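**Student:** The structure under discussion is supplied below as structure tokens; questions concerning it will follow.
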Amino acid sequence: MSTPHATREHSYDVIVVGLGGMGSAAACHVAKRGRRVLGLEKHTPAHDKGSSHGGSRIIRQSYFEDPAYVPLLLRSYALWEELARDSGSDVYRLTGGIFLGSPDCRTVAGSLKASQEWSLPYELLDAAEIRRRFPQFAPQPDDVALYEERAGFARPEATVQAHIDLALGAGAELRFGEPVLDWEETASGVVVRTEHGPYLAEQLVICPGAWAPQLLERLRIPIEVERQVLYWFDPVGGTGAFENAPVFINEWPDGAQTYGFPAIDGPGGGVKVAFFRNGSPCSPDTIDRVVRPAEVDEMRERIRGFVPALDSPCVHTATCMYSNTPDEHFVVARHPDCAAVTVACGFSGHGFKFVPVVGEILADLATTGSTAHPIGLFDPQRLVLR
Ligand SMILES: Cc1cc2nc3c(=O)[nH]c(=O)nc-3n(C[C@H](O)[C@H](O)[C@H](O)COP(=O)(O)OP(=O)(O)OC[C@H]3O[C@@H](n4cnc5c(N)ncnc54)[C@H](O)[C@@H]3O)c2cc1C
């Protein structure tokens with residue numbers, strides 16, 4: 001292996017590894033602060049091999065996972081707006097969202113708790129009101145829903161591309177098709193090795209997505225990578241009734257959660273739905289990209305009980321990976337053993353709505369060593385295997 005040389009050509013303020021959802025946002029925010037940034041990505045821009053593809057991601061603020069996420073979401077929304085304006089790209093849309101199930105289920109009770117704690121606007125709808133306002137849904141008689149007007153969806157590929165374009169515009173050097181082989185801390189910063197060279201920088205930001213077990217082995221935190229499937233069904237009666245539908249998450253009596261989007265791919269493009277979790281363990285190297293007819297049947301069987309028009313042909317499927325931590329909270333922090341390294345991983349299937357604010361947090365940590373954002377929940381020390 002060649003010896004790193006600290007020439008001007010190979011020396012950066014910050015290297016960002018992984019330019020998917022989080023890494024592209026980090027590269028953008030660091031570059032906008034006038035720092036010399038190198039981004040290294042093993043795949044192409046806005047690719048479909050990781051966790052940031054498939055056309056849409058739910059964004060919402062009434063956060064049933066934990067009210068502690070809400071201040072981050074408020075900032076993320078401001079940054080989504082800024083991103084849309086600066087890039088001129090249609091990166092997100094507010095459609096309204098309904099989060100539904102029995103009154104005491106996590107989806108409903110948790111969404112309500114977060115809304116009340118942070119004084120977010122919401123409406124509570126009973127089953128009759130849900131049917132009246134959203135005739136495409138068939139709730140159970142005892143179901144209730146929290147309706148959040150400011151919920152909607154982000155477009156993952158457009159978001160990644162927008163951050164890449166803005167990073168390049170701010171002077172970042174981004175190299176695609178260049179996997180990082182390894183990295184280590186040195187006396188004065190970090191060295192990152194690829195086939196094309198050792199690169200030196202003062203700070204390293206690692207955003208590896210489902211590759212965390214490989215790139216962050218030294219962090220000693222258990223991350224389980226899961227295969228997830230997305231399904232697009234062509235609704236009975238056409239997509240018209242779904243074009244202005246809200247996003248939804250519904251919780252079933254057995255605790256399973258399913259979610260879906262409005263029809264955003266035109267006539268014949270279908271309506272996207274999926275299980276939230278319920279995946280199978282995999283790795284980026286072993287994930288089975290083939291979706292079996294039995295999986296499609298299982299999804300259809302389930303979703304037609306809530307969206308009857310989706311008892312219909314499946315027109316498209318895709319696979320994607322979650323990177324789950326044991327408590328399903330993120331890992332965003334300085335590396336506990338390497339002062340020059342910041343890590344962002346373990347987004348556990350709910351990270352995309354935070355992409356803009358995580359980019360800002362990573363830029364804070366890499367350029368100033370700390371952040372004013374509340375990230376205590378994401379400290380990796382809680383998970384370290386001893
Ligand atoms: C099916 C599905 C549905 C989801 N739905 C939602 C939702 O509705 N709302 C929501 O908020 N979130 C949702 N999520 C979660 C969200 O999409 C993820 O949390 C987020 O995209 C993770 O971003 P990331 O940057 O960590 O990973 P990625 O975007 O995968 O980025 C990691 C990058 O690192 C690169 N990389 C890895 N190893 C190397 C290496 N050695 N050298 C160089 N580059 C490397 C990879 O190629 C990749 O580009 C969903 C995820 C899936 C899969």
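Just remember, in the structure tokens the first chain shown is A, the second B, etc., residues are 1-based per chain, and ligands are 1-based in the order shown.
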Select from chain A every residue with an atom at most 6 Å from any atom of ligand 1, then for each give the shortest pair of atoms and their distance in Å to one decimal, using only C-alpha atoms and all ligand atoms, rows by chain and rising number, as JSON lines.

**Tutor:**
```
{"residue": "A:Val17", "atom": "CA", "partner": "ligand 1", "partner_atom_place_in_ligand_line": "43 (C)", "distance": 5.3}
{"residue": "A:Gly18", "atom": "CA", "partner": "ligand 1", "partner_atom_place_in_ligand_line": "34 (O)", "distance": 3.3}
{"residue": "A:Leu19", "atom": "CA", "partner": "ligand 1", "partner_atom_place_in_ligand_line": "49 (O)", "distance": 4.9}
{"residue": "A:Gly20", "atom": "CA", "partner": "ligand 1", "partner_atom_place_in_ligand_line": "31 (O)", "distance": 3.3}
{"residue": "A:Gly21", "atom": "CA", "partner": "ligand 1", "partner_atom_place_in_ligand_line": "25 (O)", "distance": 3.7}
{"residue": "A:Met22", "atom": "CA", "partner": "ligand 1", "partner_atom_place_in_ligand_line": "25 (O)", "distance": 3.8}
{"residue": "A:Gly23", "atom": "CA", "partner": "ligand 1", "partner_atom_place_in_ligand_line": "25 (O)", "distance": 5.6}
{"residue": "A:Leu40", "atom": "CA", "partner": "ligand 1", "partner_atom_place_in_ligand_line": "43 (C)", "distance": 5.2}
{"residue": "A:Glu41", "atom": "CA", "partner": "ligand 1", "partner_atom_place_in_ligand_line": "44 (N)", "distance": 3.6}
{"residue": "A:Lys42", "atom": "CA", "partner": "ligand 1", "partner_atom_place_in_ligand_line": "43 (C)", "distance": 4.0}
{"residue": "A:His43", "atom": "CA", "partner": "ligand 1", "partner_atom_place_in_ligand_line": "47 (O)", "distance": 4.9}
{"residue": "A:Gly50", "atom": "CA", "partner": "ligand 1", "partner_atom_place_in_ligand_line": "30 (O)", "distance": 3.6}
{"residue": "A:Ser51", "atom": "CA", "partner": "ligand 1", "partner_atom_place_in_ligand_line": "30 (O)", "distance": 3.8}
{"residue": "A:Ser52", "atom": "CA", "partner": "ligand 1", "partner_atom_place_in_ligand_line": "21 (O)", "distance": 3.9}
{"residue": "A:Arg57", "atom": "CA", "partner": "ligand 1", "partner_atom_place_in_ligand_line": "8 (O)", "distance": 3.6}
{"residue": "A:Ile58", "atom": "CA", "partner": "ligand 1", "partner_atom_place_in_ligand_line": "8 (O)", "distance": 3.6}
{"residue": "A:Ile59", "atom": "CA", "partner": "ligand 1", "partner_atom_place_in_ligand_line": "9 (N)", "distance": 5.8}
{"residue": "A:Pro179", "atom": "CA", "partner": "ligand 1", "partner_atom_place_in_ligand_line": "42 (N)", "distance": 3.5}
{"residue": "A:Val180", "atom": "CA", "partner": "ligand 1", "partner_atom_place_in_ligand_line": "42 (N)", "distance": 3.8}
{"residue": "A:Leu181", "atom": "CA", "partner": "ligand 1", "partner_atom_place_in_ligand_line": "41 (N)", "distance": 5.8}
{"residue": "A:Cys207", "atom": "CA", "partner": "ligand 1", "partner_atom_place_in_ligand_line": "25 (O)", "distance": 5.6}
{"residue": "A:Pro208", "atom": "CA", "partner": "ligand 1", "partner_atom_place_in_ligand_line": "34 (O)", "distance": 3.9}
{"residue": "A:Gly209", "atom": "CA", "partner": "ligand 1", "partner_atom_place_in_ligand_line": "27 (O)", "distance": 3.4}
{"residue": "A:Trp211", "atom": "CA", "partner": "ligand 1", "partner_atom_place_in_ligand_line": "37 (C)", "distance": 4.9}
{"residue": "A:Gln228", "atom": "CA", "partner": "ligand 1", "partner_atom_place_in_ligand_line": "1 (C)", "distance": 5.2}
{"residue": "A:Val229", "atom": "CA", "partner": "ligand 1", "partner_atom_place_in_ligand_line": "1 (C)", "distance": 5.9}
{"residue": "A:Leu230", "atom": "CA", "partner": "ligand 1", "partner_atom_place_in_ligand_line": "1 (C)", "distance": 5.8}
{"residue": "A:Cys320", "atom": "CA", "partner": "ligand 1", "partner_atom_place_in_ligand_line": "53 (C)", "distance": 3.9}
{"residue": "A:Met321", "atom": "CA", "partner": "ligand 1", "partner_atom_place_in_ligand_line": "53 (C)", "distance": 4.2}
{"residue": "A:Tyr322", "atom": "CA", "partner": "ligand 1", "partner_atom_place_in_ligand_line": "53 (C)", "distance": 5.0}
{"residue": "A:Cys345", "atom": "CA", "partner": "ligand 1", "partner_atom_place_in_ligand_line": "26 (O)", "distance": 5.3}
{"residue": "A:Phe347", "atom": "CA", "partner": "ligand 1", "partner_atom_place_in_ligand_line": "19 (O)", "distance": 4.3}
{"residue": "A:Gly349", "atom": "CA", "partner": "ligand 1", "partner_atom_place_in_ligand_line": "15 (C)", "distance": 3.8}
{"residue": "A:His350", "atom": "CA", "partner": "ligand 1", "partner_atom_place_in_ligand_line": "12 (N)", "distance": 3.6}
{"residue": "A:Gly351", "atom": "CA", "partner": "ligand 1", "partner_atom_place_in_ligand_line": "19 (O)", "distance": 3.3}
{"residue": "A:Phe352", "atom": "CA", "partner": "ligand 1", "partner_atom_place_in_ligand_line": "11 (O)", "distance": 3.5}
{"residue": "A:Lys353", "atom": "CA", "partner": "ligand 1", "partner_atom_place_in_ligand_line": "11 (O)", "distance": 3.9}
```

**Student:** Between stretch 133-160 of chain A and stretch 263-267 of chain A, at 12 Å or less, what are the per-residue closest atom pairs and their distances in Å? Count only C-alpha atoms, order by chain and rising residue number, and return it as a Markdown table.

**Tutor:**
```
| residue | atom | partner | partner_atom | distance |
| --- | --- | --- | --- | --- |
| A:Gly152 | CA | A:Ile264 | CA | 11.9 |
| A:Phe153 | CA | A:Ile264 | CA | 10.3 |
| A:Ala154 | CA | A:Ile264 | CA | 11.5 |
| A:Arg155 | CA | A:Ile264 | CA | 10.4 |
```

**Student:** Got a sec: who's within 10 Å of A:Glu157, counting only C-alpha atoms, leaving out chain neighbours fewer than 3 positions off, as a list in words?

**Tutor:**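 The residues satisfying every condition are Gly20, Gly21, Pro45, Ala46, His47, Asp48, Ser52, His53, Gly54, Gly55, Ser56, Val91, Ala154, Val160, Gln161 and Ala162 of chain A.
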
**Student:** If you run DSSP over the backbone, which residues in stretch 7-137 of chain A end up alpha helix (DSSP H)? Put them as a PyMOL selection string.

**Tutor:** chain A and resi 21-32+70-87+111-117+127-133

**Student:** Okay, now the selection with C-alpha atoms, as a PDB file, in the first residue's frame?

**Tutor:**
```
ATOM      1  CA  GLY A  21     -28.921  10.349   1.616  1.00  0.00           C
ATOM      2  CA  MET A  22     -26.859  11.516   4.584  1.00  0.00           C
ATOM      3  CA  GLY A  23     -23.424  11.827   2.948  1.00  0.00           C
ATOM      4  CA  SER A  24     -24.596  13.969   0.020  1.00  0.00           C
ATOM      5  CA  ALA A  25     -26.295  16.335   2.507  1.00  0.00           C
ATOM      6  CA  ALA A  26     -23.142  16.446   4.665  1.00  0.00           C
ATOM      7  CA  ALA A  27     -20.918  17.189   1.650  1.00  0.00           C
ATOM      8  CA  CYS A  28     -23.295  19.985   0.632  1.00  0.00           C
ATOM      9  CA  HIS A  29     -23.398  21.606   4.078  1.00  0.00           C
ATOM     10  CA  VAL A  30     -19.628  21.361   4.626  1.00  0.00           C
ATOM     11  CA  ALA A  31     -18.870  22.765   1.148  1.00  0.00           C
ATOM     12  CA  LYS A  32     -21.306  25.651   1.694  1.00  0.00           C
ATOM     13  CA  VAL A  70     -39.520  16.785  16.782  1.00  0.00           C
ATOM     14  CA  PRO A  71     -37.089  19.730  17.087  1.00  0.00           C
ATOM     15  CA  LEU A  72     -34.895  18.056  14.481  1.00  0.00           C
ATOM     16  CA  LEU A  73     -37.900  17.681  12.204  1.00  0.00           C
ATOM     17  CA  LEU A  74     -38.813  21.339  12.572  1.00  0.00           C
ATOM     18  CA  ARG A  75     -35.306  22.256  11.415  1.00  0.00           C
ATOM     19  CA  SER A  76     -35.377  19.587   8.692  1.00  0.00           C
ATOM     20  CA  TYR A  77     -38.569  21.085   7.257  1.00  0.00           C
ATOM     21  CA  ALA A  78     -36.942  24.527   7.080  1.00  0.00           C
ATOM     22  CA  LEU A  79     -33.987  22.969   5.286  1.00  0.00           C
ATOM     23  CA  TRP A  80     -36.255  21.025   2.865  1.00  0.00           C
ATOM     24  CA  GLU A  81     -37.740  24.356   1.880  1.00  0.00           C
ATOM     25  CA  GLU A  82     -34.290  25.857   1.411  1.00  0.00           C
ATOM     26  CA  LEU A  83     -33.148  22.838  -0.606  1.00  0.00           C
ATOM     27  CA  ALA A  84     -36.154  23.080  -2.935  1.00  0.00           C
ATOM     28  CA  ARG A  85     -35.507  26.774  -3.444  1.00  0.00           C
ATOM     29  CA  ASP A  86     -31.746  26.552  -3.946  1.00  0.00           C
ATOM     30  CA  SER A  87     -31.865  23.527  -6.250  1.00  0.00           C
ATOM     31  CA  SER A 111     -48.205  10.609  17.174  1.00  0.00           C
ATOM     32  CA  LEU A 112     -50.626  12.339  19.552  1.00  0.00           C
ATOM     33  CA  LYS A 113     -48.052  12.497  22.345  1.00  0.00           C
ATOM     34  CA  ALA A 114     -45.417  14.106  20.097  1.00  0.00           C
ATOM     35  CA  SER A 115     -47.967  16.586  18.695  1.00  0.00           C
ATOM     36  CA  GLN A 116     -49.187  17.607  22.134  1.00  0.00           C
ATOM     37  CA  GLU A 117     -45.721  17.858  23.634  1.00  0.00           C
ATOM     38  CA  ALA A 127     -63.718   6.082  11.496  1.00  0.00           C
ATOM     39  CA  ALA A 128     -66.788   7.816  10.026  1.00  0.00           C
ATOM     40  CA  GLU A 129     -64.858  11.040   9.507  1.00  0.00           C
ATOM     41  CA  ILE A 130     -61.930   9.179   7.939  1.00  0.00           C
ATOM     42  CA  ARG A 131     -64.299   7.487   5.462  1.00  0.00           C
ATOM     43  CA  ARG A 132     -65.986  10.779   4.660  1.00  0.00           C
ATOM     44  CA  ARG A 133     -62.805  12.730   4.032  1.00  0.00           C
TER      45      ARG A 133
END
```

**Student:** Identify all residues of stretch 145-324 of chain A in strand (DSSP E) (DSSP on the backbone) and supply them as a PyMOL selection string.

**Tutor:** chain A and resi 145-148+152-154+173-175+182-186+189-194+197-206+224-233+247-251+257-260+271-276+280-281+314-324
